[in-house]
Amino acid sequence: MHQGSPSRSVAADPSRRSLSLCLRAFARECLLRIFASLREPGRQPLKAATMAGSVILALASCHQAPSDVTFHAAGFPKTLDEWGLFTVKDHRITPHKGMVTYELATPLFSDYAQKWRTIWMPPGASARYEPEKTLDFPVGTIITKTFYYTVPASAPSPGESNEVVKMTPATYQTGVDGLDLRHVRLIETRLLVHRADGWIGLPYVWNADQTEATLQRTGADIPLTFIDGADRTDFVYSVPNQNQCGGCHTADYRTRALGPIGPKARHLNRDFPGPGGNVNQLQRLVRLHYLTGLPSANVPRDAAFDDASAPLDARARAYLDVNCAHCHSPTGPARVSGLWLHSTVPDPRRIGVCKPPVAAGGGGGDRPYDIVPGRPDLSILPFRMASTDPGAMMPETGRSLVHQEGVALIEQWIAQLKGECRVDRDGRDQMAMR
Amino acid sequence: MRFVPFAVCALAGLTLAGCQSAHKTDSEGFVVDPGFEQHLQEQLLDAKPGTVITIPAGKYALTRSLSLTADGVTIKGAGMDKTVLSFAKQTSGAEGMLVTGDDFTLEDLTLQNSKGDALKINGTKDAVMRRVTAEWTGGPKTSNGAYGLYPVQVSNVLIEDCVVKGASDAGIYVGQSSNIIVRNNRAEGNVAGIEIENSTDADVYGNTTTGNTGGILVFNMPDLPVPGSKTRVHDNKVIANNTPNFGAEGSAVRSVPAGSGVVVNSNDDVEIFDNEIADNQTANVIISSYFSTGFDTERGRSAVYDPYPQNIYVTGNTFKGGGDKPGAGFDKLAAALGGRLPDVLWDGFTDPKVADAGICVQNGDAKVLDADGAHKFAGARLVTLDCKPAARLRPVILPASMTKTS
C-alpha cells in the first residue's frame with residue numbers, strides 16, 4: 001500500500017482544482033455579503049450588477065496563487081500555493097517577501113534530507129525572546145521546512161529522480177535565495193502555523209514536475225535510493241501524517257499543544273548568510289523587527305555537532321538535544337522512559353549513564369544500560385541510533401537511514417566518559433545471584 | 001466468505017464496486033483495498049469526540065503506524081477473529097497504533113505482528129480495551145514487539161476479554177498508570193503474561209495466563225517519574241508458565257526465570273488471593289526485590305527509589321505442582337529441599353530501616369522459602385510468615401461510562 005507519488009494524479013489538473021476552490025471561496029464571499037446586507041438595514045440588497053462584477057473579479061483572481069504570504073486563520077488549504085509562500089519559476093523556487101531563511105546550529109537528522117527553513121510573521125508582529133524554550137512567536141507566524149535532496153548530475157528530471165545523493169552541509173544550497181530546481185528533488189514542505197487556538201502542522205508533498213505541493217494529511221511513503229560514494233541504499237522516505245507531527249512537536253503531554261522545536265535561542269545563535277550578510281541569526285531577526293527582548297549577553301548557544309573545534313561534550317549534547325529531547329523530556333512523549341536529553345540536563349543518570357531501560361523491549365539490543373561510560377559497545381543509545389528496525393530505532397519516526405556521523409559522534413563521546421556501572425552479566429538469568 | 005447481496009450494499013449506501021472489493025483477497029489473505037490504510041488514517045485524523053470508527057471484517061495489511069490524538073473516539077471491528085489489522089508489512093512507526101486522546105475505546109479486532117508495541121496509549125485518561133487480540137503469530141521470538149496492550153501514564157484503564165500472545169516483553173503491560181482493571185483476559189506465550197508496573201490501584205482478576213515465562217508480574221522499576229503500589233491479583237488461573245525467557249537482554253522482564261507464576265518485584269501493598277496457581281516450575285509465587293533482578297547498580301538507582309517489596313499478602317490460593325524444575329540458580333536449593341521449591345519463594349531482602357516488611361502468607365499448608373539472597377542463598381530456610389495486613393485493599397472502581405458494554 002505504498003503511496004509512492006500520491007500527488008501526481010492529484011496534480012494532473014491543478015487548474016480545475018484551484019478553480020473549484022476559488023468558486024467555493026467566491027460562494028462564501030457572496031454569502032457573507034448577503035448576510036452583511038441583511039444585518040445592515042440601511043443597505044440595499046445586492047444588485048445583479050454588483051454580483052456580476054464580483055464574479056468577474058473573483059474569477060480573475062482565481063487564476064493564480066496569492067503572490068504574498070497569506071495566513072489562513074482556519075481550515076486546511078489543499079495546496080501549498082494557497083499560502084502564497086513561494087514562486088516556482090524558471091527552475092527556481094524562491095521565497096516571498098518577509099520570509100527569513102534560517103539554519104540550526106545542529107539540525108535534526110532526517111534521512112540525510114537537506115532542509116530549507118523559513119520564518120514569516122505578519123506585518124508589525126514579532127517574537128519574544130525565550131532563554132530556554134522555543135521563541136514566543138505571535139499568532140500568524142508561519143514556519144516552513146522544505147525537505148529536498150540533491151540528485152545526480154545526470155538525472156534528466158530531478159523531480160522524478162529516485163536516486164538522491166549525500167551532501168555535506170558545506171555543499172548545501174542554503175535556500176537564502178531559494179533553490180535551483182535543476183539539481184534537487186523537492187520532497188515535502190511542512191508548515192507550522194500559529195493560529196489563535198494554537199499551532200497546527202501541515203505536510204505538503206511536491207509533485208513530479210516540482211510545480212505544486214498538495215496536502216497529504218495521512219502522510220506518504222516515497223521509495224528512494226541514497227547514494228553515498230560507491231554505496232547505494234534503498235530506503236523509504238516517510239512523510240509523517242498530521243497526527244505524527246505531534247509525535248515530535250507536542251512538547252507537553254498535559255496541554256498536548258503543538259509547537260516548533262528548532263527555533264530556540266540556543267539553536268539559532270550562530271552566523272548564517274542572508275539580509276545583512278553572514279551575521280548572527282538572532283541579531284538578524286532583531287534587525288528585521290521579528291524578535292524582541294534579546295539580551296546583550298549570556299544567550300545560550302549549542303554547538304554544531306560536526307564542528308571538530310568544539311568540545312566533544314558540547315557537540316554530543318547538542319546532537320542529543322535536537323534529535324531526541326523533543327520526546328525525551330520531563331513533559332514530552334518519552335517522559336515515561338525517565339531518560340531526558342535536553343542539553344541543559346545536569347544529572348548523568350537522567351541522560352542515561354548507568355540507567356537501565358524501562359520499556360525498550362528488543363530496542364535495548366541486549367545491552368544493559370543507556371550509557372555505559374567508556375563502552376559504546378554496551379550502551380543502548382548508539383544501538384538504537386544505528387538500528388533501522390521500526391520497533392527498535394530512535395528516533396521512532398522520520399528516519400529509515402542511519403546517521404553514520406551522528407552514531408560516530410555519540411560513540412566517540414561515550415568512549416571517553418569516565419566511570420563504570422559495575423555490569424554483572426553473569427547474574428542475568430537468575431535471581432539473587434549477588 | 002459471506003455473500004452480501006447487492007440490495008444490502010445499496011441500502012448501506014455502498015457502491016457495487018466497493019462491495020465486491022471488500023471480498024477480494026490476495027494470495028496471503030489480505031483484503032485488496034488500496035485505499036484502506038489512507039482512509040482509516042484519515043478517519044483517525046478527522047475524528048471528534050463521539051466518533052465511532054468501524055472497521056469491517058477482513059484482514060488488512062498496513063505499512064505505517066496508525067495514530068489517534070482526538071478525545072472520545074471508539075474504534076470497533078467486526079470481531080476479534082474477523083477484523084485483523086496486520087502490521088507484518090510495516091515499514092515505519094514504533095507501534096501498530098498510537099493513541100494520545102482521552103476517553104478511548106478499542107473493541108472487537110486483532111492487532112497482529114507489529115514491529116514494536118501493538119497498541120500504545122500514552123498519557124491519557126479513560127482507556128478501554130475490550131475483546132482485542134494483540135498477537136505475534138510466529139511463536140516466541142525476541143524480535144517480536146515488546147508489548148501487546150500498553151497503556152502508560154493513563155488514569156482509569158479497563159482491559160477485558162482480550163487475548164495477548166507472543167509479546168517479547170509483556171502481553172498486557174500497564175505502566176505508570178492509576179485506577180486499573182485487567183479482567184477476564186487470556187495471556188499466552190509472552191515473556192510476561194500480564195504486567196502491572198509502577199502503577200497504583202490495580203485489580204487483576206479472572207484472567208488466564210499460561211505458557212508465558214512469567215504469568216502475572218507486579219513490578220516497580222527505578223528512575224521513573226511514577227512509583228506504584230496497591231495491586232490486587234485474585235481469582236486468576238496462572239498455569240504452567242514455563243516458556244524459556246525470550247526477552248531481550250536488559251529488558252525489564254529479562255530477569256524473570258522461566259516457570260514463574262505470580263511475581264512481585266520491589267512493589268508495595270500487593271494482595272495475591274483466591275487464584276489457581278499451578279505447575280510453574282520455578283515457583284508459583286515469587287516475592288523479590290530489585291537486587292534480585294541483576295540490573296542494580298549504585299550509579300543506576302535513584303535515592304528515592306524503594307527497591308524492597310513491602311506489605312505483600314498471599315492468601316486463599318489453590319496451589320498445585322510447580323517448583324520442580326527451577327531456573328539454574330535455584331536447582332541446588334531445590335535439591336536441598338527434596339527436589340522442589342515451595343509454593344512461595346521470597347528473596348529475603350529487607351530494608352534495614354524498616355522494622356517489618358509486612359510479607360504475609362496465610363495460605364493453608366503452602367510453604368515459604370526465604371532464599372537469603374543477600375548472602376547468595378547461604379542462609380536459605382523455610383519460614384512461616386503468619387500475619388495479615390491491618391486493612392485490605394478496596395476494589396478499584398472505574399467510571400460507569402467505561403464499564404458499560406456496547
# chains A, B, ... in the order shown; residues from 1 in each chain; ligands from 1
$ residues_around --residues "Leu381 of chain A" --least-positions-apart "3" --cutoff "9 Å" --atoms "only C-alpha atoms" --output "JSON, numbers by chain"
{"A": [352, 364, 369, 370, 371, 376, 384, 385, 386, 394, 407, 410, 411]}
$ residues_around --residues "segment 177-187 of chain A" --least-positions-apart "6" --cutoff "7 Å" --atoms "only C-alpha atoms" --output "list in words"
His91, Arg92, Ile93, Thr94, Pro95, Phe147, Tyr148, Tyr149, Thr150, Val151, Ala153, Pro158, Gly159, Val205, Trp206 and Gln210 of chain A
$ write_last_selection --atoms "C-alpha atoms" --output "short mmCIF file (atom, residue, chain, number, x, y, z; two decimals), in the first residue's frame"
data_model
loop_
_atom_site.label_atom_id
_atom_site.label_comp_id
_atom_site.auth_asym_id
_atom_site.auth_seq_id
_atom_site.Cartn_x
_atom_site.Cartn_y
_atom_site.Cartn_z
CA HIS A 91 13.70 26.21 -12.50
CA ARG A 92 13.88 28.10 -9.23
CA ILE A 93 11.79 28.14 -6.11
CA THR A 94 12.11 31.43 -4.29
CA PRO A 95 10.64 32.71 -1.03
CA PHE A 147 12.82 18.72 2.65
CA TYR A 148 14.81 18.11 -0.51
CA TYR A 149 17.63 16.04 -1.90
CA THR A 150 20.36 16.78 -4.39
CA VAL A 151 20.03 14.45 -7.38
CA ALA A 153 24.05 15.48 -12.15
CA PRO A 158 15.16 15.99 -10.90
CA GLY A 159 11.60 15.83 -9.58
CA VAL A 205 4.12 16.78 -0.80
CA TRP A 206 5.62 18.02 -4.08
CA GLN A 210 8.08 20.36 -8.88
#
$ residues_around --residues "Gly316 of chain B" --least-positions-apart "5" --cutoff "6 Å" --atoms "only C-alpha atoms" --output "number ranges by chain"
B: 273-274, 363
$ write_last_selection --atoms "N, CA and C atoms" --output "PDB file, in the first residue's frame"
ATOM      1  N   PHE B 273      -4.658 -13.378  46.070  1.00  0.00           N
ATOM      2  CA  PHE B 273      -5.602 -14.264  46.788  1.00  0.00           C
ATOM      3  C   PHE B 273      -6.575 -14.953  45.835  1.00  0.00           C
ATOM      4  N   ASP B 274      -6.992 -16.144  46.294  1.00  0.00           N
ATOM      5  CA  ASP B 274      -8.037 -16.911  45.605  1.00  0.00           C
ATOM      6  C   ASP B 274      -7.707 -17.235  44.158  1.00  0.00           C
ATOM      7  N   ASN B 363      -1.792 -19.215  53.747  1.00  0.00           N
ATOM      8  CA  ASN B 363      -2.319 -19.932  52.596  1.00  0.00           C
ATOM      9  C   ASN B 363      -2.264 -21.440  52.846  1.00  0.00           C
TER      10      ASN B 363
END
$ closest_residue --among "B:Gly193, B:Pro389, B:Gly338, B:Gly250" --to "chain A" --atoms "only C-alpha atoms"
B:Gly250
$ atom_distance --atom1 "atom CA of Glu132 of chain A" --atom2 "atom CA of Lys264 of chain A"
6.8 Å
$ residues_around --residues "Gly247 of chain B" --least-positions-apart "3" --cutoff "6 Å" --atoms "only C-alpha atoms" --output "PyMOL selection string"
chain B and resi 142+168-169+254
$ write_last_selection --atoms "C-alpha atoms" --output "tab-separated table (two decimals), in the first residue's frame"
chain	number	residue	atom	x	y	z
B	142	THR	CA	12.97	-11.91	20.76
B	168	SER	CA	8.75	-10.27	23.76
B	169	ASP	CA	8.19	-8.30	26.95
B	254	ARG	CA	14.73	-10.49	31.26
$ closest_residue --among "A:Arg284, A:Arg301, A:Lys418, A:Arg254" --to "chain B" --atoms "only C-alpha atoms"
A:Arg254
$ closest_residue --among "B:Pro399, B:Pro244, B:Gly321, B:Pro257" --to "chain A" --atoms "only C-alpha atoms"
B:Pro257
$ select_by_dssp --residues "segment 106-345 of chain B" --states "helix (DSSP H, G or I)" --output "number ranges by chain"
B: 290-292, 328-336
$ write_last_selection --atoms "N, CA and C atoms" --output "PDB file, in the first residue's frame"
ATOM      1  N   TYR B 290      14.512  -5.423  43.957  1.00  0.00           N
ATOM      2  CA  TYR B 290      15.259  -5.028  42.758  1.00  0.00           C
ATOM      3  C   TYR B 290      16.650  -5.646  42.741  1.00  0.00           C
ATOM      4  N   PHE B 291      17.165  -5.990  43.939  1.00  0.00           N
ATOM      5  CA  PHE B 291      18.519  -6.561  43.993  1.00  0.00           C
ATOM      6  C   PHE B 291      18.585  -7.920  43.308  1.00  0.00           C
ATOM      7  N   SER B 292      17.446  -8.534  43.119  1.00  0.00           N
ATOM      8  CA  SER B 292      17.435  -9.856  42.509  1.00  0.00           C
ATOM      9  C   SER B 292      17.277  -9.815  40.999  1.00  0.00           C
ATOM     10  N   ALA B 328      18.358 -22.069  36.787  1.00  0.00           N
ATOM     11  CA  ALA B 328      19.668 -22.605  37.156  1.00  0.00           C
ATOM     12  C   ALA B 328      20.128 -22.198  38.548  1.00  0.00           C
ATOM     13  N   GLY B 329      19.859 -20.972  38.950  1.00  0.00           N
ATOM     14  CA  GLY B 329      20.352 -20.529  40.239  1.00  0.00           C
ATOM     15  C   GLY B 329      19.713 -21.238  41.413  1.00  0.00           C
ATOM     16  N   PHE B 330      18.596 -21.861  41.181  1.00  0.00           N
ATOM     17  CA  PHE B 330      17.831 -22.409  42.287  1.00  0.00           C
ATOM     18  C   PHE B 330      17.839 -23.928  42.373  1.00  0.00           C
ATOM     19  N   ASP B 331      18.497 -24.582  41.419  1.00  0.00           N
ATOM     20  CA  ASP B 331      18.363 -26.039  41.409  1.00  0.00           C
ATOM     21  C   ASP B 331      18.982 -26.687  42.649  1.00  0.00           C
ATOM     22  N   LYS B 332      20.102 -26.066  43.147  1.00  0.00           N
ATOM     23  CA  LYS B 332      20.723 -26.639  44.349  1.00  0.00           C
ATOM     24  C   LYS B 332      19.814 -26.461  45.561  1.00  0.00           C
ATOM     25  N   LEU B 333      19.188 -25.280  45.622  1.00  0.00           N
ATOM     26  CA  LEU B 333      18.248 -25.039  46.714  1.00  0.00           C
ATOM     27  C   LEU B 333      17.114 -26.059  46.686  1.00  0.00           C
ATOM     28  N   ALA B 334      16.611 -26.277  45.471  1.00  0.00           N
ATOM     29  CA  ALA B 334      15.503 -27.220  45.340  1.00  0.00           C
ATOM     30  C   ALA B 334      15.946 -28.619  45.745  1.00  0.00           C
ATOM     31  N   ALA B 335      17.170 -28.989  45.337  1.00  0.00           N
ATOM     32  CA  ALA B 335      17.682 -30.328  45.669  1.00  0.00           C
ATOM     33  C   ALA B 335      17.759 -30.491  47.186  1.00  0.00           C
ATOM     34  N   ALA B 336      18.237 -29.411  47.859  1.00  0.00           N
ATOM     35  CA  ALA B 336      18.367 -29.471  49.312  1.00  0.00           C
ATOM     36  C   ALA B 336      17.005 -29.606  49.997  1.00  0.00           C
TER      37      ALA B 336
END
$ closest_residue --among "A:Ile414, A:Ala65, A:Val239, A:Ala297" --to "chain B" --atoms "only C-alpha atoms"
A:Val239
$ closest_residue --among "A:Gln173, A:Ser379, A:Thr344, A:Thr218" --to "chain B" --atoms "only C-alpha atoms"
A:Thr218
$ residues_around --residues "Pro107 of chain A" --least-positions-apart "4" --cutoff "10 Å" --atoms "only C-alpha atoms" --output "list in words"
Glu103, Gln114, Lys115, Gly262, His267, Ala304, Phe305, Ala318, Tyr319, Asp321, Val322 and Asn323 of chain A
$ atom_distance --atom1 "atom CA of Ser92 of chain B" --atom2 "atom CA of Gly166 of chain B"
20.8 Å
$ residues_around --residues "Asn280 of chain B" --least-positions-apart "2" --cutoff "7 Å" --atoms "only C-alpha atoms" --output "JSON, numbers by chain"
{"B": [239, 240, 241, 242, 259, 260, 261, 278, 282, 283, 284, 322, 323]}
$ write_last_selection --atoms "N, CA and C atoms" --output "short mmCIF file (atom, residue, chain, number, x, y, z; two decimals), in the first residue's frame"
data_model
loop_
_atom_site.label_atom_id
_atom_site.label_comp_id
_atom_site.auth_asym_id
_atom_site.auth_seq_id
_atom_site.Cartn_x
_atom_site.Cartn_y
_atom_site.Cartn_z
N ILE B 239 -1.20 -20.85 35.14
CA ILE B 239 -0.90 -22.27 34.95
C ILE B 239 0.31 -22.47 34.03
N ALA B 240 1.29 -23.21 34.50
CA ALA B 240 2.39 -23.70 33.66
C ALA B 240 3.00 -22.61 32.79
N ASN B 241 3.49 -21.58 33.44
CA ASN B 241 4.21 -20.53 32.71
C ASN B 241 5.69 -20.89 32.70
N ASN B 242 6.05 -21.74 31.76
CA ASN B 242 7.39 -22.34 31.76
C ASN B 242 8.16 -22.09 30.47
N GLY B 259 9.14 -20.33 34.41
CA GLY B 259 8.47 -21.07 35.47
C GLY B 259 8.03 -20.20 36.62
N SER B 260 7.78 -18.93 36.36
CA SER B 260 7.32 -18.01 37.41
C SER B 260 5.81 -17.83 37.31
N GLY B 261 5.11 -18.03 38.41
CA GLY B 261 3.66 -17.83 38.40
C GLY B 261 3.30 -16.37 38.57
N ALA B 278 -0.65 -23.09 39.35
CA ALA B 278 -0.20 -24.47 39.26
C ALA B 278 0.91 -24.66 38.24
N THR B 282 9.54 -22.82 38.40
CA THR B 282 10.46 -22.22 39.38
C THR B 282 9.73 -22.02 40.70
N ALA B 283 8.65 -21.30 40.67
CA ALA B 283 7.82 -21.17 41.87
C ALA B 283 6.47 -20.59 41.48
N ASN B 284 5.46 -20.96 42.21
CA ASN B 284 4.13 -20.45 41.89
C ASN B 284 3.99 -18.96 42.25
N GLY B 322 4.49 -27.42 40.45
CA GLY B 322 5.39 -26.28 40.35
C GLY B 322 6.60 -26.40 41.24
N GLY B 323 7.60 -25.54 41.01
CA GLY B 323 8.82 -25.51 41.82
C GLY B 323 9.74 -26.68 41.58
#
$ residues_around --residues "segment 108-120 of chain B" --least-positions-apart "3" --cutoff "8 Å" --atoms "only C-alpha atoms" --output "MDAnalysis selection string"
(chainID A and resid 389:392) or (chainID B and resid 76:88 90 93:99 130:137 144:152)
$ atom_distance --atom1 "atom CA of Trp83 of chain A" --atom2 "atom CA of Tyr290 of chain A"
19.7 Å
